[in-house]
$ cat data.pdb   # PDB, C-alpha atoms
MODEL        1
ATOM      1  CA  MET B  77     -29.304   8.543 -18.795
ATOM      2  CA  ALA B  78     -27.476   7.692 -15.551
ATOM      3  CA  ARG B  79     -24.137   9.295 -14.758
ATOM      4  CA  ALA B  80     -21.449   7.614 -12.678
ATOM      5  CA  GLN B  81     -20.827   9.020  -9.211
ATOM      6  CA  GLY B  82     -18.012   8.157  -6.858
ATOM      7  CA  ALA B  83     -20.485   7.848  -3.986
ATOM      8  CA  ARG B  84     -21.970   4.754  -5.640
ATOM      9  CA  ALA B  85     -18.669   3.197  -6.728
ATOM     10  CA  GLN B  86     -17.513  -0.039  -5.138
ATOM     11  CA  MET B  87     -14.243  -1.976  -5.094
ATOM     12  CA  ALA B  88     -14.148  -5.775  -5.031
ATOM     13  CA  LEU B  89     -10.907  -7.668  -4.332
ATOM     14  CA  GLY B  90     -10.070 -11.370  -4.395
ATOM     15  CA  PHE B  91      -6.751 -13.221  -4.391
ATOM     16  CA  GLU B  92      -5.771 -15.245  -7.465
ATOM     17  CA  SER B  93      -4.562 -18.833  -7.389
ATOM     18  CA  VAL B  94      -3.142 -18.371 -10.909
ATOM     19  CA  TYR B  95      -1.543 -15.065 -11.886
ATOM     20  CA  GLY B  96      -3.822 -13.060 -14.142
ATOM     21  CA  THR B  97      -6.864 -15.340 -13.631
ATOM     22  CA  PRO B  98      -9.640 -13.825 -11.487
ATOM     23  CA  PRO B  99     -11.092 -16.059  -8.766
ATOM     24  CA  ALA B 100     -14.596 -17.441  -9.082
ATOM     25  CA  ALA B 101     -17.616 -15.266  -8.395
ATOM     26  CA  ASN B 102     -18.560 -14.864  -4.716
ATOM     27  CA  SER B 103     -14.865 -15.031  -3.739
ATOM     28  CA  PHE B 104     -14.356 -11.274  -3.370
ATOM     29  CA  TRP B 105     -14.395  -8.806  -0.496
ATOM     30  CA  LYS B 106     -16.125  -5.444  -0.650
ATOM     31  CA  VAL B 107     -13.155  -3.191   0.110
ATOM     32  CA  PRO B 108     -13.477   0.365   1.457
ATOM     33  CA  PHE B 109     -11.494   3.099  -0.301
ATOM     34  CA  ALA B 110     -11.357   6.883  -0.369
ATOM     35  CA  SER B 111     -10.169   7.271  -3.963
ATOM     36  CA  SER B 112      -8.604   5.219  -6.740
ATOM     37  CA  THR B 113      -6.682   5.719  -9.967
ATOM     38  CA  LEU B 114      -6.501   1.990 -10.757
ATOM     39  CA  GLY B 115      -7.102   1.295 -14.417
ATOM     40  CA  SER B 116      -5.534   0.749 -17.816
ATOM     41  CA  GLU B 117      -4.638   3.228 -20.514
ATOM     42  CA  GLN B 118      -3.406   2.935 -24.082
ATOM     43  CA  PRO B 119      -1.874   6.046 -25.649
ATOM     44  CA  LEU B 120      -1.824   6.823 -29.351
ATOM     45  CA  LEU B 121       1.344   7.289 -31.424
ATOM     46  CA  ASN B 122       1.352  10.080 -33.997
ATOM     47  CA  SER B 123       2.160   9.021 -37.535
ATOM     48  CA  GLU B 124       5.628  10.084 -38.725
ATOM     49  CA  LEU B 125       4.994   9.304 -42.418
ATOM     50  CA  LEU B 126       5.350  11.954 -45.117
ATOM     51  CA  GLY B 127       3.961  12.416 -48.583
ATOM     52  CA  TYR B 128       0.252  12.698 -47.773
ATOM     53  CA  GLY B 129      -0.018  16.444 -47.378
ATOM     54  CA  ARG B 130      -0.251  18.550 -44.249
ATOM     55  CA  ASP B 131      -3.042  16.552 -42.607
ATOM     56  CA  PRO B 132      -1.681  13.650 -40.525
ATOM     57  CA  LEU B 133      -2.375   9.985 -41.114
ATOM     58  CA  PRO B 134      -4.343   8.065 -38.419
ATOM     59  CA  PRO B 135      -2.432   7.391 -35.178
ATOM     60  CA  VAL B 136      -1.315   3.920 -34.102
ATOM     61  CA  LYS B 137      -2.140   2.320 -30.732
ATOM     62  CA  ASP B 138       0.780   1.953 -28.305
ATOM     63  CA  ALA B 139       1.329  -0.543 -25.463
ATOM     64  CA  ILE B 140      -1.261  -0.871 -22.674
ATOM     65  CA  THR B 141      -0.320   0.175 -19.126
ATOM     66  CA  ALA B 142      -2.425  -1.086 -16.204
ATOM     67  CA  ASP B 143      -1.610   0.335 -12.779
ATOM     68  CA  GLY B 144      -2.599   3.042 -10.304
ATOM     69  CA  ASN B 145      -3.174   3.551  -6.609
ATOM     70  CA  ALA B 146      -5.907   3.225  -4.029
ATOM     71  CA  VAL B 147      -6.249   5.389  -0.942
ATOM     72  CA  VAL B 148      -7.550   3.081   1.782
ATOM     73  CA  PRO B 149      -8.269   3.417   5.516
ATOM     74  CA  ILE B 150      -5.778   2.048   8.025
ATOM     75  CA  ASP B 151      -8.195  -0.165   9.922
ATOM     76  CA  ALA B 152      -8.292  -3.319  12.021
ATOM     77  CA  ARG B 153      -9.562  -5.762   9.360
ATOM     78  CA  PHE B 154      -9.258  -4.680   5.722
ATOM     79  CA  LEU B 155      -5.653  -3.512   6.128
ATOM     80  CA  GLY B 156      -4.627  -7.173   6.355
ATOM     81  CA  ILE B 157      -5.721  -7.705   2.736
ATOM     82  CA  TRP B 158      -3.323  -5.025   1.520
ATOM     83  CA  LEU B 159      -0.539  -6.212   3.848
ATOM     84  CA  LYS B 160      -0.879  -9.710   2.381
ATOM     85  CA  MET B 161      -0.419  -8.269  -1.098
ATOM     86  CA  LEU B 162       2.648  -6.288   0.013
ATOM     87  CA  PHE B 163       4.431  -8.877   2.166
ATOM     88  CA  GLY B 164       2.891 -12.256   1.363
ATOM     89  CA  ALA B 165       0.635 -14.485   3.444
ATOM     90  CA  PRO B 166       0.901 -13.874   7.196
ATOM     91  CA  THR B 167       1.566 -16.270  10.031
ATOM     92  CA  THR B 168      -1.658 -16.261  12.062
ATOM     93  CA  THR B 169      -1.663 -17.322  15.706
ATOM     94  CA  GLY B 170      -4.428 -17.660  18.281
ATOM     95  CA  ALA B 171      -6.947 -20.382  19.054
ATOM     96  CA  SER B 172      -9.736 -17.819  19.193
ATOM     97  CA  ALA B 173     -10.133 -14.073  18.851
ATOM     98  CA  PRO B 174      -8.065 -11.980  19.079
ATOM     99  CA  TYR B 175      -5.849 -13.382  16.319
ATOM    100  CA  SER B 176      -2.385 -12.043  15.551
ATOM    101  CA  HIS B 177      -1.343 -11.821  11.892
ATOM    102  CA  GLU B 178       2.410 -11.379  11.382
ATOM    103  CA  PHE B 179       3.680 -10.183   7.992
ATOM    104  CA  LEU B 180       7.423 -10.416   7.280
ATOM    105  CA  SER B 181       9.463  -8.462   4.750
ATOM    106  CA  GLY B 182      11.801 -10.181   2.327
ATOM    107  CA  SER B 183       9.500 -12.671   0.585
ATOM    108  CA  TRP B 184      10.387 -13.430  -3.038
ATOM    109  CA  SER B 185       6.856 -14.648  -3.770
ATOM    110  CA  LEU B 186       4.035 -12.109  -3.564
ATOM    111  CA  PRO B 187       0.374 -12.971  -4.154
ATOM    112  CA  SER B 188      -1.598 -11.419  -6.974
ATOM    113  CA  ALA B 189      -5.199 -10.304  -6.815
ATOM    114  CA  SER B 190      -8.052  -9.275  -9.060
ATOM    115  CA  ILE B 191      -9.754  -5.954  -8.361
ATOM    116  CA  GLU B 192     -13.097  -5.017  -9.886
ATOM    117  CA  LEU B 193     -14.075  -1.347  -9.898
ATOM    118  CA  GLN B 194     -17.828  -1.045 -10.107
ATOM    119  CA  ASN B 195     -19.989   1.832 -11.376
ATOM    120  CA  PRO B 196     -23.501   0.374 -11.416
ATOM    121  CA  ASP B 197     -25.064   3.646 -12.666
ATOM    122  CA  VAL B 198     -23.625   3.333 -16.178
ATOM    123  CA  PRO B 199     -23.261   0.279 -15.817
ATOM    124  CA  SER B 200     -19.486  -0.299 -15.968
ATOM    125  CA  TYR B 201     -17.507  -3.080 -14.288
ATOM    126  CA  ARG B 202     -13.754  -3.061 -14.853
ATOM    127  CA  MET B 203     -11.869  -6.161 -13.701
ATOM    128  CA  MET B 204      -8.141  -5.677 -13.232
ATOM    129  CA  SER B 205      -6.305  -8.998 -13.026
ATOM    130  CA  GLY B 206      -2.743  -9.843 -12.025
ATOM    131  CA  VAL B 207      -2.686  -6.969  -9.527
ATOM    132  CA  VAL B 208       0.485  -6.900  -7.399
ATOM    133  CA  ALA B 209       1.077  -4.290  -4.683
ATOM    134  CA  ASN B 210       4.226  -2.236  -5.178
ATOM    135  CA  THR B 211       4.257   0.374  -2.409
ATOM    136  CA  ILE B 212       2.376   1.568   0.656
ATOM    137  CA  ASN B 213       2.840   4.877   2.422
ATOM    138  CA  TRP B 214       1.075   6.795   5.153
ATOM    139  CA  GLN B 215       1.466   9.823   7.398
ATOM    140  CA  MET B 216       1.355   9.933  11.186
ATOM    141  CA  GLN B 217       0.237  13.158  12.835
ATOM    142  CA  ARG B 218      -1.582  14.491  15.866
ATOM    143  CA  SER B 219      -5.065  14.691  14.330
ATOM    144  CA  GLY B 220      -6.963  13.858  11.184
ATOM    145  CA  LEU B 221      -8.083  10.754   9.297
ATOM    146  CA  VAL B 222      -5.580   7.920   8.910
ATOM    147  CA  THR B 223      -5.283   6.566   5.373
ATOM    148  CA  ALA B 224      -2.633   4.763   3.354
ATOM    149  CA  THR B 225      -1.880   4.979  -0.349
ATOM    150  CA  VAL B 226      -1.236   1.604  -1.997
ATOM    151  CA  GLU B 227       0.300   1.651  -5.477
ATOM    152  CA  CYS B 228      -0.242  -1.410  -7.662
ATOM    153  CA  ILE B 229       0.827  -2.869 -10.997
ATOM    154  CA  ALA B 230      -1.650  -5.041 -12.913
ATOM    155  CA  GLN B 231      -1.380  -7.372 -15.871
ATOM    156  CA  GLY B 232      -4.443  -6.020 -17.629
ATOM    157  CA  GLU B 233      -8.046  -4.881 -17.426
ATOM    158  CA  ASP B 234     -11.284  -6.299 -18.852
ATOM    159  CA  LYS B 235     -14.424  -4.182 -19.175
ATOM    160  CA  ALA B 236     -17.985  -5.452 -18.874
ATOM    161  CA  THR B 237     -21.521  -4.226 -18.229
ATOM    162  CA  THR B 238     -22.178  -6.825 -15.507
ATOM    163  CA  SER B 239     -20.133  -7.813 -12.483
ATOM    164  CA  SER B 240     -17.897 -10.887 -12.471
ATOM    165  CA  ALA B 241     -17.294 -10.683  -8.727
ATOM    166  CA  GLY B 242     -20.724 -11.927  -7.654
ATOM    167  CA  THR B 243     -21.935 -11.350  -4.105
ATOM    168  CA  LEU B 244     -19.297  -9.514  -2.094
ATOM    169  CA  GLU B 245     -18.195 -10.475   1.415
ATOM    170  CA  GLU B 246     -18.643  -7.534   3.760
ATOM    171  CA  MET B 247     -16.837  -6.894   7.035
ATOM    172  CA  ALA B 248     -17.455  -4.265   9.679
ATOM    173  CA  LEU B 249     -15.049  -1.345   9.359
ATOM    174  CA  GLN B 250     -13.117  -0.379  12.488
ATOM    175  CA  ARG B 251     -10.721   2.479  11.689
ATOM    176  CA  PHE B 252      -7.732   3.637  13.629
ATOM    177  CA  GLY B 253      -7.521   7.356  14.329
ATOM    178  CA  SER B 254      -4.519   9.618  14.712
ATOM    179  CA  PHE B 255      -5.284   9.654  18.436
ATOM    180  CA  ASN B 256      -4.493   5.893  18.529
ATOM    181  CA  GLY B 257      -1.002   6.326  17.041
ATOM    182  CA  GLU B 258       2.460   6.414  18.569
ATOM    183  CA  ILE B 259       6.083   6.113  17.491
ATOM    184  CA  GLN B 260       8.541   4.220  19.687
ATOM    185  CA  ARG B 261      12.325   4.053  19.614
ATOM    186  CA  GLU B 262      14.005   1.031  21.209
ATOM    187  CA  GLY B 263      10.765   0.130  23.012
ATOM    188  CA  ALA B 264      10.133   3.582  24.536
ATOM    189  CA  GLN B 265       7.826   6.287  23.250
ATOM    190  CA  LEU B 266       9.713   8.829  21.181
ATOM    191  CA  GLY B 267       9.001  12.276  22.557
ATOM    192  CA  ASN B 268       8.593  15.630  20.829
ATOM    193  CA  VAL B 269       7.463  14.029  17.548
ATOM    194  CA  VAL B 270       5.511  16.460  15.363
ATOM    195  CA  SER B 271       4.846  14.078  12.462
ATOM    196  CA  GLY B 272       6.123  10.946  10.803
ATOM    197  CA  SER B 273       5.823   9.094   7.529
ATOM    198  CA  VAL B 274       6.375   5.503   6.416
ATOM    199  CA  ASN B 275       7.014   4.284   2.875
ATOM    200  CA  TYR B 276       7.553   0.619   1.970
ATOM    201  CA  THR B 277       8.204  -0.474  -1.611
ATOM    202  CA  ASN B 278       8.741  -3.827  -3.294
ATOM    203  CA  ASN B 279      10.428  -2.130  -6.295
ATOM    204  CA  LEU B 280       8.478  -4.300  -8.719
ATOM    205  CA  ASP B 281      10.019  -4.901 -12.127
ATOM    206  CA  ARG B 282       7.499  -5.121 -14.974
ATOM    207  CA  VAL B 283       8.125  -8.068 -17.298
ATOM    208  CA  GLU B 284       7.193  -6.441 -20.599
ATOM    209  CA  THR B 285       7.188  -9.081 -23.324
ATOM    210  CA  ILE B 286       5.760  -9.145 -26.846
ATOM    211  CA  ARG B 287       2.171 -10.415 -26.672
ATOM    212  CA  ASN B 288      -0.860 -10.023 -28.917
ATOM    213  CA  ASP B 289      -3.078  -8.925 -26.001
ATOM    214  CA  GLY B 290      -0.897  -6.020 -24.872
ATOM    215  CA  LYS B 291      -0.546  -7.373 -21.322
ATOM    216  CA  ILE B 292       2.652  -7.749 -19.319
ATOM    217  CA  GLU B 293       4.020 -11.148 -18.343
ATOM    218  CA  GLY B 294       4.282 -10.269 -14.657
ATOM    219  CA  ALA B 295       5.829  -7.978 -12.053
ATOM    220  CA  ASP B 296       8.809  -9.370 -10.166
ATOM    221  CA  PRO B 297       9.938  -8.067  -6.769
ATOM    222  CA  SER B 298      13.410  -6.547  -6.542
ATOM    223  CA  ILE B 299      15.314  -5.158  -3.537
ATOM    224  CA  ALA B 300      12.726  -3.757  -1.127
ATOM    225  CA  ALA B 301      13.061  -0.417   0.640
ATOM    226  CA  LEU B 302      11.608   1.004   3.841
ATOM    227  CA  THR B 303      12.065   4.734   4.336
ATOM    228  CA  GLY B 304      10.321   7.704   5.874
ATOM    229  CA  GLU B 305      10.661  10.914   7.831
ATOM    230  CA  ILE B 306      10.378  11.901  11.470
ATOM    231  CA  VAL B 307       9.914  15.565  12.340
ATOM    232  CA  VAL B 308      10.750  16.346  15.979
ATOM    233  CA  ARG B 309      10.974  19.431  18.150
ATOM    234  CA  PHE B 310      14.618  19.991  19.039
ATOM    235  CA  ALA B 311      14.603  19.155  22.760
ATOM    236  CA  ASP B 312      17.518  16.732  23.152
ATOM    237  CA  THR B 313      20.336  15.190  21.127
ATOM    238  CA  THR B 314      19.273  11.527  21.250
ATOM    239  CA  LEU B 315      18.575  11.236  17.527
ATOM    240  CA  LEU B 316      21.458  13.528  16.597
ATOM    241  CA  ASP B 317      23.854  11.383  18.601
ATOM    242  CA  GLN B 318      22.633   8.268  16.813
ATOM    243  CA  ALA B 319      22.998   9.954  13.431
ATOM    244  CA  THR B 320      26.550  10.941  14.315
ATOM    245  CA  SER B 321      27.531   7.483  15.546
ATOM    246  CA  GLY B 322      25.934   5.691  12.575
ATOM    247  CA  ASP B 323      24.419   3.006  14.796
ATOM    248  CA  PRO B 324      20.953   1.616  13.953
ATOM    249  CA  CYS B 325      17.922   1.626  16.216
ATOM    250  CA  GLU B 326      14.518  -0.030  16.216
ATOM    251  CA  LEU B 327      11.504   2.144  15.346
ATOM    252  CA  ARG B 328       7.913   1.066  15.954
ATOM    253  CA  PHE B 329       4.992   2.786  14.220
ATOM    254  CA  ALA B 330       1.764   1.688  15.868
ATOM    255  CA  TYR B 331      -1.967   2.231  16.245
ATOM    256  CA  GLU B 332      -3.874   0.613  19.107
ATOM    257  CA  ILE B 333      -7.520   0.820  20.127
ATOM    258  CA  ASP B 334      -7.222  -1.876  22.801
ATOM    259  CA  ALA B 335      -5.319  -5.100  23.464
ATOM    260  CA  ASP B 336      -7.512  -6.950  20.927
ATOM    261  CA  THR B 337      -7.301  -4.370  18.139
ATOM    262  CA  SER B 338      -3.955  -3.000  16.984
ATOM    263  CA  PHE B 339      -1.525  -2.558  14.115
ATOM    264  CA  GLU B 340       2.200  -2.002  14.212
ATOM    265  CA  LEU B 341       5.082  -1.895  11.792
ATOM    266  CA  VAL B 342       8.489  -2.452  13.357
ATOM    267  CA  ALA B 343      11.600  -1.426  11.426
ATOM    268  CA  HIS B 344      14.309  -3.470  13.111
ATOM    269  CA  ALA B 345      17.404  -1.584  11.975
ATOM    270  CA  VAL B 346      16.886   2.099  11.199
ATOM    271  CA  TYR B 347      19.701   4.453  10.211
ATOM    272  CA  LEU B 348      19.470   8.229  10.586
ATOM    273  CA  PRO B 349      21.197  10.947   8.556
ATOM    274  CA  GLN B 350      22.586  14.085  10.125
ATOM    275  CA  PRO B 351      20.003  16.831   9.460
ATOM    276  CA  ARG B 352      20.234  20.587   9.375
ATOM    277  CA  LEU B 353      18.932  22.474  12.393
ATOM    278  CA  PRO B 354      17.371  25.591  10.881
ATOM    279  CA  ILE B 355      16.488  28.565  13.066
ATOM    280  CA  GLU B 356      13.499  30.123  11.329
ATOM    281  CA  GLY B 357      12.429  32.714  13.857
ATOM    282  CA  PRO B 358      11.597  33.065  17.521
ATOM    283  CA  GLY B 359       9.451  29.918  17.636
ATOM    284  CA  GLY B 360      10.472  26.355  18.445
ATOM    285  CA  MET B 361      13.157  24.616  16.404
ATOM    286  CA  GLN B 362      12.439  21.396  14.517
ATOM    287  CA  ALA B 363      14.634  18.731  12.933
ATOM    288  CA  THR B 364      13.650  16.383  10.111
ATOM    289  CA  PHE B 365      15.253  12.926   9.993
ATOM    290  CA  ALA B 366      14.869  11.129   6.645
ATOM    291  CA  TRP B 367      15.414   7.606   7.994
ATOM    292  CA  GLN B 368      16.230   4.395   6.137
ATOM    293  CA  ALA B 369      15.763   0.814   7.288
ATOM    294  CA  ALA B 370      17.969  -2.130   6.386
ATOM    295  CA  LEU B 371      18.310  -5.861   7.018
ATOM    296  CA  ASP B 372      18.679  -6.615  10.712
ATOM    297  CA  PRO B 373      21.171  -9.484  11.237
ATOM    298  CA  VAL B 374      19.476 -10.548  14.484
ATOM    299  CA  THR B 375      15.893 -10.950  13.201
ATOM    300  CA  GLY B 376      17.007 -11.764   9.651
ATOM    301  CA  ARG B 377      14.615  -9.249   8.072
ATOM    302  CA  MET B 378      14.086  -5.531   7.621
ATOM    303  CA  CYS B 379      10.618  -5.141   9.149
ATOM    304  CA  THR B 380       7.646  -6.917  10.686
ATOM    305  CA  ALA B 381       4.017  -5.800  10.429
ATOM    306  CA  THR B 382       1.544  -7.216  12.957
ATOM    307  CA  LEU B 383      -2.223  -6.824  12.817
ATOM    308  CA  VAL B 384      -4.357  -7.978  15.762
ATOM    309  CA  ASN B 385      -8.095  -8.428  15.130
ATOM    310  CA  ASP B 386     -10.977 -10.918  15.301
ATOM    311  CA  LEU B 387     -10.337 -12.615  11.913
ATOM    312  CA  ASP B 388      -8.839 -16.094  11.763
ATOM    313  CA  GLY B 389      -7.149 -15.594   8.386
ATOM    314  CA  TYR B 390      -7.105 -13.905   4.993
ATOM    315  CA  ALA B 391      -8.162 -16.613   2.570
ATOM    316  CA  ASN B 392     -10.751 -15.606  -0.051
ATOM    317  CA  PRO B 393     -14.367 -15.643   1.147
ATOM    318  CA  THR B 394     -16.406 -18.588  -0.128
TER     319      THR B 394
ENDMDL
END
$ encode --input "data.pdb" --output "structure tokens"
Amino acid sequence: MARAQGARAQMALGFESVYGTPPAANSFWKVPFASSTLGSEQPLLNSELLGYGRDPLPPVKDAITADGNAVVPIDARFLGIWLKMLFGAPTTTGASAPYSHEFLSGSWSLPSASIELQNPDVPSYRMMSGVVANTINWQMQRSGLVTATVECIAQGEDKATTSSAGTLEEMALQRFGSFNGEIQREGAQLGNVVSGSVNYTNNLDRVETIRNDGKIEGADPSIAALTGEIVVRFADTTLLDQATSGDPCELRFAYEIDADTSFELVAHAVYLPQPRLPIEGPGGMQATFAWQAALDPVTGRMCTATLVNDLDGYANPT
């Protein structure tokens, strides 16, 4: 009897043309991931009825919840699939490679996808449909692997012993490393940065209606939010002065291998709080700024994500 192992698991993803309806077979990418909690669960409700002795009556099934997260690499190609789910379809420019894919915040219409989690050992193939991306977050630091956690909400999950995704489209993986990262403020590299974090959320609102299949009706985007932290060595008062004045600045979080391979997220209007400046011993002092981004009246949006690679778009493979 075969036992499932994560080393043999695969994730297939394809965009839906109709919410909750998986695309046809052979229209899925093989997507790299480090871990996943995507799936559905249905808890049991204990019986409250009396009069049958001390032993309880059988429990009753409750509503089904389908959601979870995937930890994925921040890379030059596959990241665009997740960015499309988070921001909507990009504007792609370039007559030939390299192509520039620009994703804008603020869209009221977000695409849905179907994700099949495959364990061929068992075999078990679980197709989640109506998957909408809610949040993405990642850490920036001096060393280590660069991954992002994408949290999703799905309409439901169907289980099978054979795959519905067909032959998967594969792309070469080209990861960004911590060494390729930088944080800029107003177009200049921000110095003395120890670490940083970025968190974008669509604040999806589940539409939970009464249905005989236990699925939700959809997940609607609400007011988005872009937040994070920057930890810096206390060497000057540039950020403190901005926090005191209350003026916004532009922050750019970027990874670049070369001119043809890069990713950046630009928060156009970032506001900083006034932090404490703890003195914790004889070593260097650090300050943590829990920043928040807002709508920039000049660009008309909160943030822009740009991915430069050799792909001419992010339509489903055929």
$ closest_residue --input "data.pdb" --among "B:Ala236, B:Val283, B:Val222, B:Ala165" --to "Arg202 of chain B" --atoms "all atoms listed in the file"
B:Ala236
$ resolve_selection --input "data.pdb" --expression "the PyMOL selection byres ((chain B and resi 310-314) around 6)" --output "ChimeraX atom specification"
/B:309,315-317,361-362
$ closest_residue --input "data.pdb" --among "B:Thr382, B:Gly360, B:Asn278, B:Pro108" --to "Trp184 of chain B" --atoms "all atoms listed in the file"
B:Asn278
$ resolve_selection --input "data.pdb" --expression "the PyMOL selection byres ((chain B and resi 219) around 8)" --output "ChimeraX atom specification"
/B:217-218,220-221,253-255
$ resolve_selection --input "data.pdb" --expression "the PyMOL selection byres ((chain B and resi 365) around 7)" --output "MDAnalysis selection string"
chainID B and resid 305:307 348:349 351 363:364 366:367
$ closest_residue --input "data.pdb" --among "B:Ala110, B:Ala78, B:Val269, B:Ala230" --to "Arg282 of chain B" --atoms "only C-alpha atoms"
B:Ala230
$ closest_residue --input "data.pdb" --among "B:Leu383, B:Leu341, B:Met161, B:Val107" --to "Tyr175 of chain B" --atoms "all atoms listed in the file"
B:Leu383
$ closest_residue --input "data.pdb" --among "B:Tyr276, B:Tyr95, B:Phe163, B:Tyr390" --to "Ile292 of chain B" --atoms "all atoms listed in the file"
B:Tyr95
$ closest_residue --input "data.pdb" --among "B:Pro324, B:Gly304, B:Pro149, B:Gly115" --to "Ile229 of chain B" --atoms "all atoms listed in the file"
B:Gly115
$ residues_around --input "data.pdb" --residues "Ser181 of chain B" --least-positions-apart "6" --cutoff "12 Å" --atoms "all atoms listed in the file" --output "ChimeraX atom specification"
/B:159-166,276-278,297,299-302,341-344,369-372,375-382
$ atom_distance --input "data.pdb" --atom1 "atom CA of Asp151 of chain B" --atom2 "atom CA of Met87 of chain B"
16.3 Å
$ atom_distance --input "data.pdb" --atom1 "atom CA of Arg130 of chain B" --atom2 "atom CA of Gln118 of chain B"
25.7 Å
$ residues_around --input "data.pdb" --residues "Ala85 of chain B" --least-positions-apart "5" --cutoff "8 Å" --atoms "only C-alpha atoms" --output "ChimeraX atom specification"
/B:80,193-196
$ axis_aligned_box --input "data.pdb" --around "segment 198-203 of chain B" --padding-each-side "3 Å" --output "AutoDock Vina command-line options"
--center_x -17.7 --center_y -1.4 --center_z -14.9 --size_x 17.8 --size_y 15.5 --size_z 8.5
$ atom_distance --input "data.pdb" --atom1 "atom CA of Ala391 of chain B" --atom2 "atom CA of Phe329 of chain B"
26.2 Å
$ residues_around --input "data.pdb" --residues "Glu227 of chain B" --least-positions-apart "5" --cutoff "12 Å" --atoms "all atoms listed in the file" --output "PyMOL selection string"
chain B and resi 111-115+142-148+158+161-162+207-214+275-280
$ decode --input "data.pdb" --residues "segment 269-287 of chain B" --atoms "C-alpha atoms" --output "PDB file, in the first residue's frame"
ATOM      1  CA  VAL B 269      17.904  48.328   6.827  1.00  0.00           C
ATOM      2  CA  VAL B 270      18.092  45.117   8.865  1.00  0.00           C
ATOM      3  CA  SER B 271      14.874  43.535   7.575  1.00  0.00           C
ATOM      4  CA  GLY B 272      11.553  44.356   5.995  1.00  0.00           C
ATOM      5  CA  SER B 273       8.167  42.789   5.429  1.00  0.00           C
ATOM      6  CA  VAL B 274       5.318  43.366   2.982  1.00  0.00           C
ATOM      7  CA  ASN B 275       1.689  42.334   3.421  1.00  0.00           C
ATOM      8  CA  TYR B 276      -1.028  43.019   0.834  1.00  0.00           C
ATOM      9  CA  THR B 277      -4.632  41.953   1.398  1.00  0.00           C
ATOM     10  CA  ASN B 278      -7.808  42.182  -0.656  1.00  0.00           C
ATOM     11  CA  ASN B 279      -9.960  41.754   2.492  1.00  0.00           C
ATOM     12  CA  LEU B 280     -12.227  39.293   0.705  1.00  0.00           C
ATOM     13  CA  ASP B 281     -15.778  38.969   1.984  1.00  0.00           C
ATOM     14  CA  ARG B 282     -17.209  35.446   1.771  1.00  0.00           C
ATOM     15  CA  VAL B 283     -20.724  35.348   0.317  1.00  0.00           C
ATOM     16  CA  GLU B 284     -22.188  32.580   2.465  1.00  0.00           C
ATOM     17  CA  THR B 285     -25.636  31.690   1.157  1.00  0.00           C
ATOM     18  CA  ILE B 286     -27.924  28.712   1.746  1.00  0.00           C
ATOM     19  CA  ARG B 287     -27.095  26.024  -0.826  1.00  0.00           C
TER      20      ARG B 287
END
